[in-house]
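Q: Pasting structure.tsv here (TSV, C-alpha atoms and all ligand atoms):
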```
chain	number	residue	atom	x	y	z
V	1	MET	CA	56.35	66.35	111.74
V	2	PRO	CA	52.65	66.33	112.60
V	3	LYS	CA	51.99	67.96	115.93
V	4	LEU	CA	49.16	68.12	118.39
V	5	ARG	CA	46.96	71.08	118.67
V	6	HIS	CA	44.45	72.07	121.32
V	7	ARG	CA	41.12	72.99	119.84
V	8	MET	CA	38.89	75.66	121.24
V	9	SER	CA	36.79	76.57	118.23
V	10	LYS	CA	36.26	75.60	114.66
V	11	GLN	CA	39.55	75.74	112.85
V	12	THR	CA	39.90	77.72	109.65
V	13	TYR	CA	42.61	76.80	107.17
V	14	LYS	CA	43.75	79.11	104.42
V	15	ILE	CA	44.65	77.21	101.29
V	16	ALA	CA	46.24	78.58	98.14
V	17	ALA	CA	44.94	76.39	95.30
V	18	LEU	CA	47.27	76.62	92.30
V	19	ALA	CA	45.94	74.35	89.58
V	20	GLY	CA	48.50	75.22	86.90
V	21	ASP	CA	48.61	73.66	83.46
V	22	GLY	CA	47.47	70.60	81.53
V	23	ILE	CA	45.27	68.33	83.64
V	24	GLY	CA	45.93	70.54	86.71
V	25	PRO	CA	42.60	72.40	86.65
V	26	GLU	CA	40.40	69.32	86.23
V	27	VAL	CA	42.09	67.23	88.92
V	28	MET	CA	42.18	70.25	91.25
V	29	ARG	CA	38.43	70.68	90.76
V	30	GLU	CA	37.87	67.12	91.98
V	31	ALA	CA	40.24	67.50	94.95
V	32	LEU	CA	38.39	70.64	96.06
V	33	LYS	CA	35.10	68.76	95.72
V	34	VAL	CA	36.39	66.04	98.04
V	35	LEU	CA	37.83	68.58	100.49
V	36	ARG	CA	34.46	70.30	100.67
V	37	ALA	CA	32.81	66.98	101.47
V	38	ALA	CA	35.33	66.43	104.28
V	39	GLU	CA	34.83	69.99	105.52
V	40	GLY	CA	31.10	69.39	105.90
V	41	LYS	CA	31.62	66.18	107.79
V	42	PHE	CA	34.59	66.99	110.05
V	43	GLY	CA	33.69	70.52	111.10
V	44	PHE	CA	36.66	72.58	110.02
V	45	GLN	CA	36.51	75.48	107.64
V	46	LEU	CA	38.50	75.87	104.46
V	47	GLU	CA	39.25	79.23	102.97
V	48	VAL	CA	40.34	78.34	99.46
V	49	THR	CA	41.75	80.96	97.09
V	50	GLU	CA	42.67	79.98	93.56
V	51	ALA	CA	45.54	81.63	91.72
V	52	ALA	CA	47.43	81.27	88.45
V	53	VAL	CA	50.77	79.49	88.16
V	54	GLY	CA	52.86	77.96	85.37
V	55	TRP	CA	51.90	78.76	81.78
V	56	ALA	CA	48.59	79.91	83.21
V	57	GLY	CA	50.62	82.46	85.21
V	58	ILE	CA	52.59	83.51	82.14
V	59	ASP	CA	49.34	83.99	80.22
V	60	ALA	CA	47.64	85.88	83.04
V	61	ALA	CA	50.45	88.00	84.41
V	62	GLY	CA	53.57	87.51	82.31
V	63	LYS	CA	55.40	85.12	84.64
V	64	ALA	CA	55.20	81.55	85.85
V	65	LEU	CA	54.93	82.63	89.47
V	66	PRO	CA	53.01	85.93	89.41
V	67	ASP	CA	53.65	88.30	92.36
V	68	GLU	CA	50.02	88.03	93.40
V	69	THR	CA	50.24	84.25	93.51
V	70	LEU	CA	53.40	84.36	95.62
V	71	ALA	CA	51.78	86.87	97.98
V	72	LEU	CA	48.76	84.58	98.35
V	73	CYS	CA	51.06	81.63	99.16
V	74	ARG	CA	52.84	83.67	101.81
V	75	GLU	CA	49.61	84.43	103.61
V	76	SER	CA	48.20	80.90	103.34
V	77	ASP	CA	48.60	77.93	105.68
V	78	SER	CA	49.41	75.59	102.83
V	79	ILE	CA	49.57	75.27	99.08
V	80	LEU	CA	47.56	72.73	97.15
V	81	PHE	CA	49.30	72.54	93.80
V	82	GLY	CA	48.27	70.94	90.51
V	83	SER	CA	51.11	70.73	88.04
V	84	VAL	CA	53.04	73.01	85.72
V	85	GLY	CA	55.01	72.76	82.51
V	86	LEU	CA	54.00	72.16	78.92
V	87	PRO	CA	57.03	70.94	76.97
V	88	ASP	CA	55.64	72.04	73.61
V	89	ARG	CA	54.88	75.63	74.57
V	90	ASP	CA	57.23	78.36	73.40
V	91	PRO	CA	60.72	76.85	73.21
V	92	THR	CA	62.19	80.36	72.98
V	93	ILE	CA	61.43	81.40	76.53
V	94	PRO	CA	64.63	81.37	78.64
V	95	LYS	CA	65.06	78.22	80.73
V	96	GLU	CA	65.11	80.22	83.96
V	97	GLU	CA	61.63	81.53	83.17
V	98	ARG	CA	60.05	78.19	82.35
V	99	PRO	CA	57.44	77.06	84.87
V	100	GLU	CA	59.43	74.08	86.20
V	101	ARG	CA	62.20	76.34	87.45
V	102	ALA	CA	60.46	79.70	87.84
V	103	ALA	CA	57.41	78.33	89.67
V	104	LEU	CA	57.98	74.85	91.08
V	105	LEU	CA	61.65	75.02	92.09
V	106	ALA	CA	61.21	78.65	93.14
V	107	LEU	CA	58.37	77.76	95.51
V	108	ARG	CA	60.35	74.85	96.98
V	109	LYS	CA	63.25	77.20	97.71
V	110	GLU	CA	61.11	80.14	98.83
V	111	PHE	CA	59.32	78.10	101.50
V	112	GLY	CA	62.29	75.91	102.44
V	113	LEU	CA	60.39	72.75	101.51
V	114	PHE	CA	63.25	70.36	102.11
V	115	ALA	CA	61.26	67.22	102.86
V	116	ASN	CA	59.35	65.57	100.05
V	117	LEU	CA	57.22	62.58	101.04
V	118	ARG	CA	55.98	60.32	98.28
V	119	PRO	CA	53.95	57.35	99.49
V	120	VAL	CA	53.73	54.51	96.99
V	121	ARG	CA	51.01	51.94	97.51
V	122	LEU	CA	49.67	49.34	95.14
V	123	PRO	CA	46.12	48.42	96.13
V	124	ALA	CA	45.36	44.70	95.75
V	125	GLU	CA	42.64	45.47	93.17
V	126	LEU	CA	45.18	47.16	90.91
V	127	ALA	CA	47.71	44.31	90.87
V	128	HIS	CA	47.15	44.05	87.10
V	129	ALA	CA	48.22	47.71	86.61
V	130	CYS	CA	51.65	46.97	88.10
V	131	PRO	CA	54.24	46.05	85.46
V	132	LEU	CA	55.73	43.38	87.77
V	133	LYS	CA	54.58	39.78	87.87
V	134	VAL	CA	52.16	39.08	90.70
V	135	GLU	CA	54.76	36.81	92.41
V	136	ARG	CA	57.04	39.81	92.85
V	137	GLN	CA	54.30	41.91	94.43
V	138	GLY	CA	54.26	39.74	97.57
V	139	ASP	CA	51.69	40.95	100.08
V	140	GLY	CA	51.56	44.31	98.34
V	141	ILE	CA	53.93	47.15	97.59
V	142	ASP	CA	53.85	49.86	100.23
V	143	MET	CA	56.76	52.25	100.57
V	144	LEU	CA	57.42	55.88	101.35
V	145	VAL	CA	60.05	57.73	99.37
V	146	VAL	CA	61.53	60.54	101.47
V	147	ARG	CA	63.33	62.81	99.05
V	148	GLU	CA	65.52	65.77	99.98
V	149	LEU	CA	64.11	68.64	97.94
V	150	THR	CA	66.12	71.85	98.27
V	151	GLY	CA	69.71	70.70	97.91
V	152	GLY	CA	71.96	68.59	95.72
V	153	MET	CA	72.35	69.10	92.00
V	154	TYR	CA	69.06	70.94	91.59
V	155	PHE	CA	70.30	74.00	93.42
V	156	GLY	CA	74.08	73.64	93.88
V	157	GLN	CA	76.31	76.45	92.57
V	158	PRO	CA	77.96	76.85	90.13
V	159	LYS	CA	75.16	75.90	87.78
V	160	THR	CA	75.92	77.25	84.36
V	161	THR	CA	76.81	76.62	80.75
V	162	GLU	CA	79.99	78.29	79.56
V	163	THR	CA	81.81	78.54	76.24
V	164	LEU	CA	85.38	77.30	76.15
V	165	GLU	CA	88.22	78.81	74.14
V	166	ASP	CA	87.89	76.16	71.44
V	167	GLY	CA	84.24	77.03	71.00
V	168	GLN	CA	82.86	73.98	72.83
V	169	GLN	CA	80.29	74.48	75.49
V	170	ARG	CA	80.63	73.10	78.98
V	171	ALA	CA	77.64	72.54	81.28
V	172	ILE	CA	78.17	72.45	85.03
V	173	ASP	CA	75.80	71.31	87.74
V	174	THR	CA	77.10	71.02	91.26
V	175	MET	CA	76.10	68.36	93.74
V	176	VAL	CA	76.50	69.78	97.20
V	177	TYR	CA	75.19	68.83	100.64
V	178	THR	CA	76.01	70.02	104.12
V	179	THR	CA	75.83	67.92	107.27
V	180	ASN	CA	72.77	69.84	108.48
V	181	GLU	CA	70.88	69.33	105.25
V	182	ILE	CA	71.46	65.59	105.39
V	183	GLU	CA	70.69	65.36	109.06
V	184	ARG	CA	67.31	67.10	108.91
V	185	ILE	CA	66.01	64.98	106.02
V	186	ALA	CA	67.33	61.82	107.69
V	187	ARG	CA	65.34	62.71	110.82
V	188	VAL	CA	62.19	63.03	108.74
V	189	ALA	CA	62.83	59.57	107.28
V	190	PHE	CA	63.43	57.97	110.69
V	191	GLN	CA	60.39	59.66	112.22
V	192	SER	CA	58.28	58.51	109.28
V	193	ALA	CA	59.56	54.95	109.75
V	194	GLN	CA	58.44	55.03	113.38
V	195	LEU	CA	54.87	55.39	112.13
V	196	ARG	CA	55.33	52.59	109.59
V	197	ARG	CA	57.34	49.35	109.58
V	198	GLN	CA	60.48	50.68	111.33
V	199	HIS	CA	62.81	50.25	108.40
V	200	VAL	CA	64.83	52.86	106.47
V	201	THR	CA	66.80	52.16	103.31
V	202	SER	CA	69.18	55.05	102.75
V	203	ILE	CA	70.26	55.52	99.15
V	204	ASP	CA	73.65	56.89	98.12
V	205	LYS	CA	76.57	56.43	95.75
V	206	ALA	CA	79.24	56.27	98.43
V	207	ASN	CA	81.50	54.14	96.22
V	208	VAL	CA	82.03	57.08	93.86
V	209	LEU	CA	80.73	60.38	95.22
V	210	GLU	CA	82.02	62.53	98.09
V	211	ASN	CA	78.40	63.40	98.67
V	212	GLY	CA	77.62	59.72	99.08
V	213	VAL	CA	80.30	59.22	101.72
V	214	LEU	CA	79.07	62.17	103.78
V	215	TRP	CA	75.45	61.10	103.30
V	216	ARG	CA	76.19	57.64	104.67
V	217	GLU	CA	78.16	59.01	107.64
V	218	VAL	CA	75.49	61.47	108.67
V	219	VAL	CA	72.62	59.00	108.23
V	220	THR	CA	74.52	56.48	110.36
V	221	LYS	CA	74.92	59.10	113.10
V	222	VAL	CA	71.24	60.05	113.02
V	223	ALA	CA	70.31	56.36	113.13
V	224	ALA	CA	71.90	56.12	116.58
V	225	ASP	CA	69.09	58.34	117.90
V	226	PHE	CA	66.51	55.88	116.57
V	227	PRO	CA	67.40	52.47	118.04
V	228	ASP	CA	63.91	51.18	117.17
V	229	ILE	CA	64.57	51.63	113.43
V	230	THR	CA	66.60	49.27	111.26
V	231	VAL	CA	68.72	51.11	108.75
V	232	GLU	CA	70.21	49.73	105.59
V	233	HIS	CA	72.46	51.56	103.12
V	234	MET	CA	72.09	50.82	99.43
V	235	PHE	CA	73.83	52.14	96.34
V	236	VAL	CA	71.42	53.92	94.03
V	237	ASP	CA	72.05	51.64	91.04
V	238	ASN	CA	71.34	48.57	93.14
V	239	ALA	CA	68.21	50.26	94.54
V	240	ALA	CA	66.91	50.86	91.01
V	241	MET	CA	67.31	47.12	90.42
V	242	GLN	CA	65.91	46.02	93.78
V	243	PHE	CA	62.73	48.07	93.16
V	244	LEU	CA	62.03	45.69	90.28
V	245	LEU	CA	63.30	42.46	91.83
V	246	ARG	CA	61.96	42.71	95.37
V	247	PRO	CA	59.99	45.90	95.96
V	248	THR	CA	58.39	44.54	99.13
V	249	GLN	CA	61.72	44.85	101.02
V	250	PHE	CA	61.28	48.63	101.15
V	251	ASP	CA	59.49	50.60	103.83
V	252	VAL	CA	60.99	54.11	103.97
V	253	VAL	CA	63.44	54.98	101.18
V	254	LEU	CA	65.64	57.98	101.99
V	255	CYS	CA	67.25	59.79	99.03
V	256	GLU	CA	68.97	62.98	98.06
V	257	ASN	CA	67.18	65.22	95.57
V	258	MET	CA	68.21	63.83	92.17
V	259	PHE	CA	68.19	60.14	93.15
V	260	GLY	CA	64.79	60.69	94.78
V	261	ASP	CA	63.43	62.26	91.59
V	262	ILE	CA	64.44	59.23	89.57
V	263	LEU	CA	63.55	56.51	92.06
V	264	SER	CA	60.17	58.01	92.91
V	265	ASP	CA	59.07	57.81	89.26
V	266	GLU	CA	60.23	54.20	89.18
V	267	ALA	CA	58.31	53.52	92.37
V	268	ALA	CA	55.24	55.22	90.92
V	269	ALA	CA	55.24	52.83	88.01
V	270	LEU	CA	55.11	49.99	90.54
V	271	ALA	CA	51.99	51.54	92.05
V	272	GLY	CA	50.19	51.10	88.77
V	273	SER	CA	50.10	54.67	87.56
V	274	LEU	CA	51.66	58.07	88.17
V	275	GLY	CA	48.06	59.19	88.51
V	276	MET	CA	47.91	57.49	91.91
V	277	LEU	CA	50.93	59.10	93.52
V	278	PRO	CA	50.46	62.06	95.87
V	279	SER	CA	53.20	64.03	97.56
V	280	ALA	CA	53.85	66.42	100.39
V	281	SER	CA	56.72	68.87	100.51
V	282	LEU	CA	57.29	70.16	104.00
V	283	GLY	CA	59.39	72.85	105.57
V	284	ALA	CA	60.45	73.24	109.15
V	285	THR	CA	57.69	73.27	111.75
V	286	SER	CA	57.43	76.66	113.37
V	287	GLY	CA	55.19	76.85	116.41
V	288	GLU	CA	51.91	75.19	115.54
V	289	ARG	CA	52.37	75.31	111.83
V	290	THR	CA	53.94	72.99	109.32
V	291	PHE	CA	53.71	74.86	106.07
V	292	GLY	CA	53.30	72.39	103.28
V	293	PHE	CA	53.06	72.15	99.54
V	294	TYR	CA	50.94	69.28	98.24
V	295	GLU	CA	51.01	68.08	94.67
V	296	PRO	CA	50.43	64.97	92.61
V	297	ALA	CA	53.64	63.52	91.24
V	298	GLY	CA	52.26	62.92	87.79
V	299	GLY	CA	52.75	66.12	85.87
V	300	THR	CA	50.54	67.96	83.40
V	301	ALA	CA	49.77	65.08	80.96
V	302	PRO	CA	49.05	67.51	78.07
V	303	ASP	CA	47.98	64.64	75.79
V	304	ILE	CA	44.80	64.05	77.81
V	305	ALA	CA	44.27	67.53	79.27
V	306	GLY	CA	40.80	69.06	79.18
V	307	GLN	CA	39.09	65.81	78.20
V	308	ASP	CA	37.86	64.63	81.59
V	309	LEU	CA	40.12	61.58	81.30
V	310	ALA	CA	42.78	62.23	83.94
V	311	ASN	CA	42.98	60.27	87.17
V	312	PRO	CA	42.26	62.74	90.00
V	313	ILE	CA	43.34	60.31	92.76
V	314	ALA	CA	46.89	61.65	93.14
V	315	GLN	CA	45.51	65.17	93.60
V	316	ILE	CA	42.84	63.96	96.03
V	317	LEU	CA	45.37	61.97	98.08
V	318	SER	CA	47.61	65.05	98.09
V	319	ALA	CA	44.73	66.97	99.66
V	320	ALA	CA	44.47	64.22	102.30
V	321	MET	CA	48.20	64.58	103.01
V	322	MET	CA	47.63	68.32	103.48
V	323	LEU	CA	44.95	67.67	106.09
V	324	ARG	CA	47.26	65.24	107.88
V	325	HIS	CA	50.62	67.02	107.76
V	326	SER	CA	49.72	70.71	107.84
V	327	PHE	CA	46.44	70.71	109.77
V	328	ASN	CA	46.65	67.57	111.90
V	329	GLU	CA	43.13	66.64	110.74
V	330	THR	CA	43.99	62.96	110.88
V	331	GLU	CA	40.43	61.65	110.87
V	332	ALA	CA	39.45	63.66	107.83
V	333	ALA	CA	42.66	62.62	106.06
V	334	ALA	CA	41.99	58.96	106.83
V	335	ALA	CA	38.40	59.37	105.60
V	336	ILE	CA	39.68	60.60	102.23
V	337	ASP	CA	42.16	57.72	101.98
V	338	THR	CA	39.36	55.28	102.77
V	339	ALA	CA	36.99	56.93	100.30
V	340	VAL	CA	39.59	56.49	97.55
V	341	ALA	CA	39.94	52.82	98.47
V	342	THR	CA	36.15	52.46	98.46
V	343	ALA	CA	35.86	53.97	94.98
V	344	ILE	CA	38.54	51.61	93.69
V	345	THR	CA	36.92	48.59	95.31
V	346	ALA	CA	33.60	49.63	93.75
V	347	GLY	CA	35.32	49.34	90.36
V	348	HIS	CA	35.65	52.99	89.31
V	349	ARG	CA	38.63	53.24	86.96
V	350	THR	CA	40.05	56.08	84.93
V	351	GLY	CA	41.83	54.97	81.76
V	352	ASP	CA	45.29	54.71	83.34
V	353	ILE	CA	44.16	52.03	85.81
V	354	PHE	CA	41.50	50.34	83.70
V	355	SER	CA	41.93	46.75	82.64
V	356	PRO	CA	39.38	45.04	80.37
V	357	GLU	CA	40.21	41.71	82.09
V	358	ASP	CA	38.94	43.01	85.42
V	359	PRO	CA	35.24	42.01	85.60
V	360	ASN	CA	34.63	44.56	88.34
V	361	ALA	CA	36.05	47.54	86.43
V	362	LYS	CA	33.89	50.39	85.09
V	363	LYS	CA	35.48	53.20	83.05
V	364	ALA	CA	35.17	56.51	84.87
V	365	THR	CA	35.78	60.07	83.82
V	366	THR	CA	37.73	62.47	86.03
V	367	THR	CA	34.42	63.91	87.23
V	368	GLN	CA	32.86	60.52	87.93
V	369	MET	CA	35.89	59.41	89.92
V	370	GLY	CA	35.78	62.61	91.97
V	371	ASP	CA	32.05	62.22	92.54
V	372	ALA	CA	32.44	58.61	93.67
V	373	ILE	CA	35.17	59.57	96.14
V	374	ALA	CA	33.29	62.61	97.48
V	375	ALA	CA	30.18	60.49	97.91
V	376	ALA	CA	32.16	57.93	99.94
V	377	ILE	CA	33.35	60.51	102.51
V	401	LIG	C1	59.17	66.08	90.36
V	401	LIG	C2	59.35	66.66	88.98
V	401	LIG	C3	60.17	67.94	89.10
V	401	LIG	C4	61.50	67.57	89.71
V	401	LIG	C5	60.36	68.71	87.77
V	401	LIG	C6	59.04	69.01	87.10
V	401	LIG	C7	61.16	69.95	87.96
V	401	LIG	O1	59.95	65.74	88.14
V	401	LIG	O2	58.58	66.77	91.22
V	401	LIG	O3	59.57	64.94	90.57
V	401	LIG	O4	62.42	67.18	88.99
V	401	LIG	O5	61.64	67.69	90.93
V	402	MG	MG	60.19	63.85	88.99
```
Written as structure tokens, that's how I'd like the structure from this file.
A:
Amino acid sequence: MPKLRHRMSKQTYKIAALAGDGIGPEVMREALKVLRAAEGKFGFQLEVTEAAVGWAGIDAAGKALPDETLALCRESDSILFGSVGLPDRDPTIPKEERPERAALLALRKEFGLFANLRPVRLPAELAHACPLKVERQGDGIDMLVVRELTGGMYFGQPKTTETLEDGQQRAIDTMVYTTNEIERIARVAFQSAQLRRQHVTSIDKANVLENGVLWREVVTKVAADFPDITVEHMFVDNAAMQFLLRPTQFDVVLCENMFGDILSDEAAALAGSLGMLPSASLGATSGERTFGFYEPAGGTAPDIAGQDLANPIAQILSAAMMLRHSFNETEAAAAIDTAVATAITAGHRTGDIFSPEDPNAKKATTTQMGDAIAAAI
């Protein structure tokens, strides 16, 4: 997806920064700090506008995705997103108006963000934070989950709950995929594998689901265009098991929406903490531009919100993915990745990745972690 661009003058990038709820604002603050450090060093210009989303949007403007926020997104080059959703807030609000659907899923659909990239890496220093025995970690876990994001059961129609004649209720979600939807996400997976270890594991449930049979057929066809890539098909239940038994066999993992949601959380646990997992959600490239939506995978973590305890790394790495995938600022993106590694090597640890047995580890607040990473740019 990244493309080359000829530079004449200093590039300006318009970013909509939507921090959202829970730990969103504090991790966003650190990501913006790191982006500013990269801006100074790499000579591009960032035009960052912050706007309300999620419960913050409901509080400010009466809905999870206020019109003003949507308008800002439409005129921006990319969206840097925090997280939305507070399970304990107002259970009476209709499910369609809750932030997860009304903001997050709505933005995915609105901008056609069909390709969700979730890189999962366990740094050697954090081996202790991985729930697997060290023997199973091999030379390190390093995979990329490529999740289809605008199809399948999340969006398929009918999607409803109806009351039957006998008074029971019946809930219906529909899993639906077209050839084109499968083909375009498969291409993203194969192209991603070309930049990695040339291996794609395609996940399906072809032994039971019609969707699985079509998925496997289309992926096999797309694979013919990528003779340099090895493709393997795996049932989703087996994949869930293989993640735990031999996670090092995976390079690129290609999944439909729902399976990708589940497997990417499992993969995140392997990487030590959800607080380490960034993501990019990309739409089609049009001309020079790949519009993207960048968010940490970890959620709002309301239990630690506002206490300067959250790990800002997922948000910071999401900002690096934005520089790479939307702006083709590969050097700046790599500098952020390296700065994160440097901070970890130096022993900075938020609570989620802290281990008292690690002699090198120093407890860090959200702010201290952000400072250490910005300083290492
Ligand atoms: C994710 C999240 C979302 C999803 C929720 C918050 C709607 O779990 O991005 O993985 O299910 O896609
Ligand atoms: Mg999820």
Q: Name the residues in contact with Met369 (chain V) at a cut-off of 9 Å, using only C-alpha atoms, excluding same-chain residues fewer than 6 positions from it; report them as a ChimeraX atom specification.
A: /V:30,311-313,340,343,348-350
Q: May I ask you to write as a PDB file with C-alpha atoms, keeping the file's coordinate frame all residues lying at most 9 Å from ligand LIG 401 (chain V), with only C-alpha atoms and all ligand atoms counted?
A:
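File produced: pocket-v4.pdb:
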```pdb
ATOM      1  CA  SER V  83      51.110  70.730  88.040  1.00  0.00           C
ATOM      2  CA  VAL V  84      53.040  73.010  85.720  1.00  0.00           C
ATOM      3  CA  GLY V  85      55.010  72.760  82.510  1.00  0.00           C
ATOM      4  CA  PRO V  99      57.440  77.060  84.870  1.00  0.00           C
ATOM      5  CA  GLU V 100      59.430  74.080  86.200  1.00  0.00           C
ATOM      6  CA  ARG V 101      62.200  76.340  87.450  1.00  0.00           C
ATOM      7  CA  LEU V 104      57.980  74.850  91.080  1.00  0.00           C
ATOM      8  CA  LEU V 105      61.650  75.020  92.090  1.00  0.00           C
ATOM      9  CA  ASN V 116      59.350  65.570 100.050  1.00  0.00           C
ATOM     10  CA  LEU V 149      64.110  68.640  97.940  1.00  0.00           C
ATOM     11  CA  TYR V 154      69.060  70.940  91.590  1.00  0.00           C
ATOM     12  CA  ASN V 257      67.180  65.220  95.570  1.00  0.00           C
ATOM     13  CA  MET V 258      68.210  63.830  92.170  1.00  0.00           C
ATOM     14  CA  GLY V 260      64.790  60.690  94.780  1.00  0.00           C
ATOM     15  CA  ASP V 261      63.430  62.260  91.590  1.00  0.00           C
ATOM     16  CA  ILE V 262      64.440  59.230  89.570  1.00  0.00           C
ATOM     17  CA  SER V 264      60.170  58.010  92.910  1.00  0.00           C
ATOM     18  CA  ASP V 265      59.070  57.810  89.260  1.00  0.00           C
ATOM     19  CA  SER V 279      53.200  64.030  97.560  1.00  0.00           C
ATOM     20  CA  GLU V 295      51.010  68.080  94.670  1.00  0.00           C
ATOM     21  CA  PRO V 296      50.430  64.970  92.610  1.00  0.00           C
ATOM     22  CA  ALA V 297      53.640  63.520  91.240  1.00  0.00           C
ATOM     23  CA  GLY V 298      52.260  62.920  87.790  1.00  0.00           C
ATOM     24  CA  GLY V 299      52.750  66.120  85.870  1.00  0.00           C
TER      25      GLY V 299
END
```
Q: Using only C-alpha atoms - which residues lie no farther than 9 Å from the point (64.0, 58.9, 98.6) in the file's frame? Write them as a list in words.
A: Asn116, Leu117, Arg118, Leu144, Val145, Val146, Arg147, Glu148, Ala189, Thr201, Ser202, Ile203, Val252, Val253, Leu254, Cys255, Glu256, Asn257, Phe259, Gly260, Asp261, Leu263 and Ser264 of chain V
Q: Counting all atoms listed in the file, I want the residues whose atoms come within 10 Å of (37.1, 59.3, 105.3) in the file frame, returned as a PyMOL selection string.
A: chain V and resi 34+37-38+41-42+320+330-342+373-374+376-377
Q: Report, in Å to a single decimal, how far apart CA of Gln137 (chain V) and CA of Val27 (chain V) are.
A: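 Computed distance, CA of Val27 (chain V) to CA of Gln137 (chain V), equals 28.6 Å.
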Q: Please compute the CA of Glu26 (chain V)-CA of Ala305 (chain V) distance, one decimal, in Å.
A: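 It comes out at 8.2 Å.
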Q: Give me, as a list of chain:residue names, all polymer residues having an atom no more than 8 Å from Asp173 (chain V), counting only C-alpha atoms and skipping those fewer than 6 positions away in the same chain.
A: V:Met153, V:Tyr154, V:Gly156, V:Gln157, V:Pro158, V:Lys159, V:Thr160
Q: For ligand MG 402 (chain V), which of V:Met28, V:Ala268, V:Arg74, V:Gly152 is the closest residue, counting all atoms listed in the file?
A: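 Going through V:Met28, V:Ala268, V:Arg74, V:Gly152 one by one, the smallest distance to ligand MG 402 (chain V) is for V:Ala268.
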Q: Show me, as a VMD selection string, the residues that have an atom within 12 Å of Glu217 (chain V) when counting only C-alpha atoms, minus same-chain residues fewer than 2 positions from it.
A: chain V and resid 178 to 179 182 to 183 186 202 204 206 210 to 215 219 to 224 233
Q: For ligand MG 402 (chain V), which residue out of V:Ala267, V:Lys14, V:Leu122, V:Phe155 is the nearest one, using all atoms listed in the file?
A: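 That would be V:Ala267, the residue with the smallest distance to ligand MG 402 (chain V).
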Q: What gap, in Å, lies between CA of Thr365 (chain V) and CA of Leu309 (chain V)?
A: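 Spanning CA of Thr365 (chain V) to CA of Leu309 (chain V) is a straight-line distance of 5.2 Å.
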Q: Taking only C-alpha atoms into account, which of V:Gln307, V:Ser318, V:Thr49, V:Ser76 comes nearest Thr367 (chain V)?
A: V:Gln307
Q: Counting all atoms listed in the file, which of V:Gly347, V:Gly43, V:Pro247, V:Pro119 gets nearest to Ala193 (chain V)?
A: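 That would be V:Pro119, the residue with the smallest distance to Ala193 (chain V).
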Q: Need to verify the contact set: Arg170 (chain V), 10 Å, only C-alpha atoms, exclusion of same-chain residues closer than 6 positions in sequence. Can you return it as a list in words?
A: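 The residues satisfying every condition are Thr160, Thr161, Glu162, Thr163 and Leu164 of chain V.
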Q: With only C-alpha atoms and all ligand atoms as the basis for distance, which of V:Gly370, V:Glu266, V:Phe293, V:Asp142 is at the shortest distance from ligand MG 402 (chain V)?
A: V:Glu266
Q: So, with all atoms listed in the file as the atoms that count, which of V:Thr300, V:Ala361, V:Gln11, V:Gln249 lies closest to ligand MG 402 (chain V)?
A: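 Checking each candidate against ligand MG 402 (chain V), we get V:Thr300 as the closest.
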Q: If we count all atoms listed in the file, what is near Leu282 (chain V) at a cut-off of 8 Å, once residues fewer than 5 positions away on the same chain are taken out, given as a PyMOL selection string?
A: chain V and resi 112-116+290-293
Q: Store the residues of this selection in a file with C-alpha atoms, as a compact mmCIF listing (two decimals), keeping the file's coordinate frame.
A:
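again_24.txt, written as the output of this step:
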```txt
# COMPACT_ATOMS: atom_id res chain seq x y z
CA GLY V 112 62.29 75.91 102.44
CA LEU V 113 60.39 72.75 101.51
CA PHE V 114 63.25 70.36 102.11
CA ALA V 115 61.26 67.22 102.86
CA ASN V 116 59.35 65.57 100.05
CA THR V 290 53.94 72.99 109.32
CA PHE V 291 53.71 74.86 106.07
CA GLY V 292 53.30 72.39 103.28
CA PHE V 293 53.06 72.15 99.54
```
